[in-house]
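Student: Below is the structure I would like to discuss, written out as structure tokens.
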Amino acid sequence: MDEARRMKRLPPYIFTIVDALKREIREQGVDVIDFSMGNPDLPPPSNVIERVTDALKEPAIHRYSKNDGVIEKKLRKVIADWYENKFGVRLDPDTEVLPLIGSKEGIAHLSLAYLNNDDLALVPSPAYPVHFNGVIMAGGILYNLPLKEEEGYLPDFFSLPKQTTDLTKLTIIGYPHNPTTATCDLEFFNKVVAWAKGKNMIVAHDLAYSDFVYNGAKAHSILESKGAKEQCIEFHTLSKSYSMPGWRIGFAVGNKKILAGLAKTKSYCDFGIFRAVQEAAIEAMSGPQDYVKKISEIYRKRIDLFVDGLNAIGWETKKPNSTFYVWTRIPQKFTFHTSLEFSELLLREVGVAVSPGSGFGEYGEGYIRFALVEPDERMKEALTRIKKVLSL
Ligand SMILES: Cc1ncc(COP(=O)(O)O)c(C=O)c1O
């Protein structure tokens, strides 16, 4: 049976290729050290696990979620309070907050909700894959803007011709940025909001890494910019800050009309979030926040250990000021390889799995991304193994 033409237009999902390779290598009995996915390895806060354990005993917890339920309303209120506390922006819990089954789900459905076949979506490249794949799956026209290292990985929307911006219905950005680890200041958001003003365009900001900034870098909400609520929404997730990637919970905030359109699309696809997971999110976001500081410090130390280690074995790499990723060029000696080929080499030769830069879009080619979701001892072991490859 032939897939829909829309689906055939998707680029090969590089991470599926890497996954298949990992499986093959593991089947050969190799102990793979896995830096390929941003899949946190740390345990979630213990109070969250306790809350869910209790919640599971409540009969109503197992029923379908409904928008005006007690838990649902409480969750939206907790999100609004968390947001105000963090970014100084007040949200209406009932209209400006939309819980999601993870932010990836919301980002994909945003394109489905808003893009027609002749609408253009501006997506900088490299990017977190659902930013561009969501556009393609929805049948929209994808317009990639290159992010360049020498420009701090910030997109230049501002010199795009009017014909392009007139066709643009959606722009998707995200800082701290996955995969490049770039951050931006509030001035950049002010410029984006001023540029979008008056255009028939949604600006979506993906803020998955707001808690992982180091060395004086800051993570801003785009809603801090004056006028942003006119046409912006922002995505957040509990996957990273509370180490709950498998629980599937995130949320979108911002312009209420845009969120209502997204909620409408979702209402035809899902029945909301398991209520026990909503209780977990309430506990995580309204409980003590020292957990978040603690894990951010763990990731910062991992970055120090790993990047110092890479440089020591001759793989020149800059230290990131955000996220838990390391984004680095393929070592000089191996630049005749594509990023997928070099990733395959690392995996086959020494059992180290990484993400090829090309998985994040055409402008990610030439780079490798490490996700530091392995403990210190495993990272040290990986450095020893990578050294062997560098001396091949
Ligand atoms: C930038 C970015 N956005 C969204 C997500 C997806 O998060 P969630 O688990 O909430 O779907 C990720 C996960 O790696 C991410 O890096």
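Ordering of the structure tokens sets the chain letters (A, B, ...); residue numbers start at 1 within each chain; ligands are numbered from 1 in the order shown.
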Which neighbours of Glu224 of chain A fall inside 12 Å, counting only C-alpha atoms, when residues of the same chain fewer than 3 positions from it are skipped, and could you give them as a list in words?
Tutor: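 Near neighbours after the sequence-gap exclusion: Tyr83, Glu84, Lys86, Phe87, Gly88, Val89, Arg90, Leu91, Asp185, Leu186, Glu187, Phe188, Phe189, Asn190, Val193, His205, Ala219, His220, Ser221, Gly227, Ala228, Lys229, Cys232, Ile233, Glu234 and Gly254 of chain A.
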Student: Could you list, as JSON, numbers by chain, all residues that come within 9 Å of ligand 1? Count only C-alpha atoms and all ligand atoms.
Tutor: {"A": [37, 38, 39, 100, 101, 102, 103, 104, 105, 106, 107, 127, 128, 129, 130, 131, 174, 175, 176, 177, 178, 179, 206, 207, 208, 209, 235, 236, 237, 238, 239, 240, 244, 245, 246, 247, 248, 249, 250, 251, 323]}
Student: Save the residues we just selected, C-alpha atoms, as a tab-separated table (two decimals), in the first residue's frame?
Tutor:
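Dumped everything to out_13.tsv:
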chain	number	residue	atom	x	y	z
A	37	MET	CA	19.17	10.78	21.81
A	38	GLY	CA	18.33	13.62	24.19
A	39	ASN	CA	16.74	11.04	26.45
A	100	LEU	CA	0.19	18.58	25.59
A	101	ILE	CA	1.18	14.92	25.34
A	102	GLY	CA	4.78	16.13	25.13
A	103	SER	CA	5.85	19.20	23.21
A	104	LYS	CA	6.73	17.16	20.10
A	105	GLU	CA	3.06	16.24	19.74
A	106	GLY	CA	2.02	19.89	20.02
A	107	ILE	CA	4.60	21.12	17.51
A	127	ALA	CA	16.62	22.19	13.96
A	128	TYR	CA	14.88	19.69	16.19
A	129	PRO	CA	13.40	17.43	13.47
A	130	VAL	CA	9.69	17.83	14.23
A	131	HIS	CA	10.04	21.55	13.46
A	174	GLY	CA	13.92	27.57	19.67
A	175	TYR	CA	16.60	28.93	22.06
A	176	PRO	CA	18.49	27.46	23.91
A	177	HIS	CA	18.87	25.64	20.62
A	178	ASN	CA	18.92	21.94	19.92
A	179	PRO	CA	21.24	20.83	18.34
A	206	ASP	CA	10.28	25.90	21.43
A	207	LEU	CA	11.74	26.39	24.92
A	208	ALA	CA	12.62	22.84	25.97
A	209	TYR	CA	15.90	23.77	27.72
A	235	PHE	CA	6.29	25.17	23.82
A	236	HIS	CA	7.61	23.71	27.07
A	237	THR	CA	8.24	20.19	28.25
A	238	LEU	CA	8.68	18.29	31.53
A	239	SER	CA	10.87	15.75	29.74
A	240	LYS	CA	14.12	17.60	30.41
A	244	MET	CA	10.22	12.71	32.65
A	245	PRO	CA	10.73	11.96	28.93
A	246	GLY	CA	8.67	8.77	28.90
A	247	TRP	CA	5.74	10.28	30.77
A	248	ARG	CA	4.74	12.42	27.79
A	249	ILE	CA	3.77	15.78	29.14
A	250	GLY	CA	4.48	19.31	28.00
A	251	PHE	CA	2.46	22.43	27.29
A	323	THR	CA	21.40	22.29	27.07
Student: When DSSP works through the backbone of this structure, what residues of segment 131-377 of chain A end up as alpha helix (DSSP H), shown as a count of residues only?
Tutor: 90
Student: Choose the residue, out of A:Val135, A:Ser46, A:Arg5, A:Asp290, that has the smallest atom-to-atom separation from Leu112 of chain A; count only C-alpha atoms.
Tutor: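 Going through A:Val135, A:Ser46, A:Arg5, A:Asp290 one by one, the smallest distance to Leu112 of chain A is for A:Val135.
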Student: By how many Å are atom CA of Ala280 of chain A and atom CA of Gly261 of chain A apart?
Tutor: 26.4 Å
Student: Need to verify the contact set: Pro331 of chain A, 10 Å, only C-alpha atoms, exclusion of same-chain residues closer than 5 positions in sequence. Can you return it as a ChimeraX atom specification?
Tutor: /A:314-317,336-337,342,366-368,390
Student: Tell me which protein, DNA and RNA residues are within 12 Å of Pro375 of chain A, counting only C-alpha atoms, leaving out same-chain ones fewer than 6 positions away, and put them as a PyMOL selection string.
Tutor: chain A and resi 33-35+40-42+298-299+301-303+305-306+381-382
Student: Given only C-alpha atoms as the basis, pick out the residue of A:Met1, A:Pro146, A:Glu362, A:Phe15 nearest to Ser343 of chain A.
Tutor: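 Among the listed residues, the smallest separation from Ser343 of chain A belongs to A:Phe15.
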Student: As a list in words, please: the residues near Gln231 of chain A (cut-off 12 Å, only C-alpha atoms, same-chain neighbours under 6 positions excluded).
Tutor: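 Listed by chain and then number, they are Lys169, Leu170, Thr171, Val192, Val193, Ala194, Trp195, Ala196, Lys197, Gly198, Lys199, Asn200, Met201, Ile202, Val203, Ala204, His205, Ile222, Leu223, Ser225, Val253, Gly254, Asn255, Lys256, Lys257, Ile258 and Leu259 of chain A.
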Student: Skipping near chain neighbours, those fewer than 3 positions away, what residues fall within 9 Å of Asn215 of chain A using only C-alpha atoms, listed as a ChimeraX atom specification?
Tutor: /A:218,321-322
Student: Atoms to include: N, CA and C atoms. Write the selected residues as a PDB file, in the first residue's frame.
Tutor:
ATOM      1  N   LYS A 218      21.390  33.149  29.546  1.00  0.00           N
ATOM      2  CA  LYS A 218      20.011  33.179  30.064  1.00  0.00           C
ATOM      3  C   LYS A 218      19.057  32.559  29.062  1.00  0.00           C
ATOM      4  N   ASN A 321      27.132  26.649  26.309  1.00  0.00           N
ATOM      5  CA  ASN A 321      26.607  27.397  27.453  1.00  0.00           C
ATOM      6  C   ASN A 321      25.167  27.036  27.779  1.00  0.00           C
ATOM      7  N   SER A 322      24.668  25.984  27.131  1.00  0.00           N
ATOM      8  CA  SER A 322      23.277  25.605  27.405  1.00  0.00           C
ATOM      9  C   SER A 322      23.051  24.152  26.999  1.00  0.00           C
TER      10      SER A 322
END
Student: Rounded to one decimal in Å, what is the spacing between atom CA of Thr181 of chain A and atom CA of Ser296 of chain A?
Tutor: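 About the pair atom CA of Thr181 of chain A and atom CA of Ser296 of chain A: they are 14.4 Å apart.
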Student: Could you pull out the residues in segment 199-341 of chain A that DSSP calls strand (DSSP E) from the backbone, as JSON, numbers by chain?
Tutor: {"A": [202, 203, 204, 205, 206, 232, 233, 234, 235, 236, 237, 250, 251, 252, 253, 254, 325, 326, 327, 328, 329]}
Student: From the set A:Pro11, A:Pro161, A:Leu392, A:Leu345, which residue has the shortest atom-to-atom contact distance to Phe132 of chain A, counting only C-alpha atoms?
Tutor: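 Checking each candidate against Phe132 of chain A, we get A:Pro11 as the closest.
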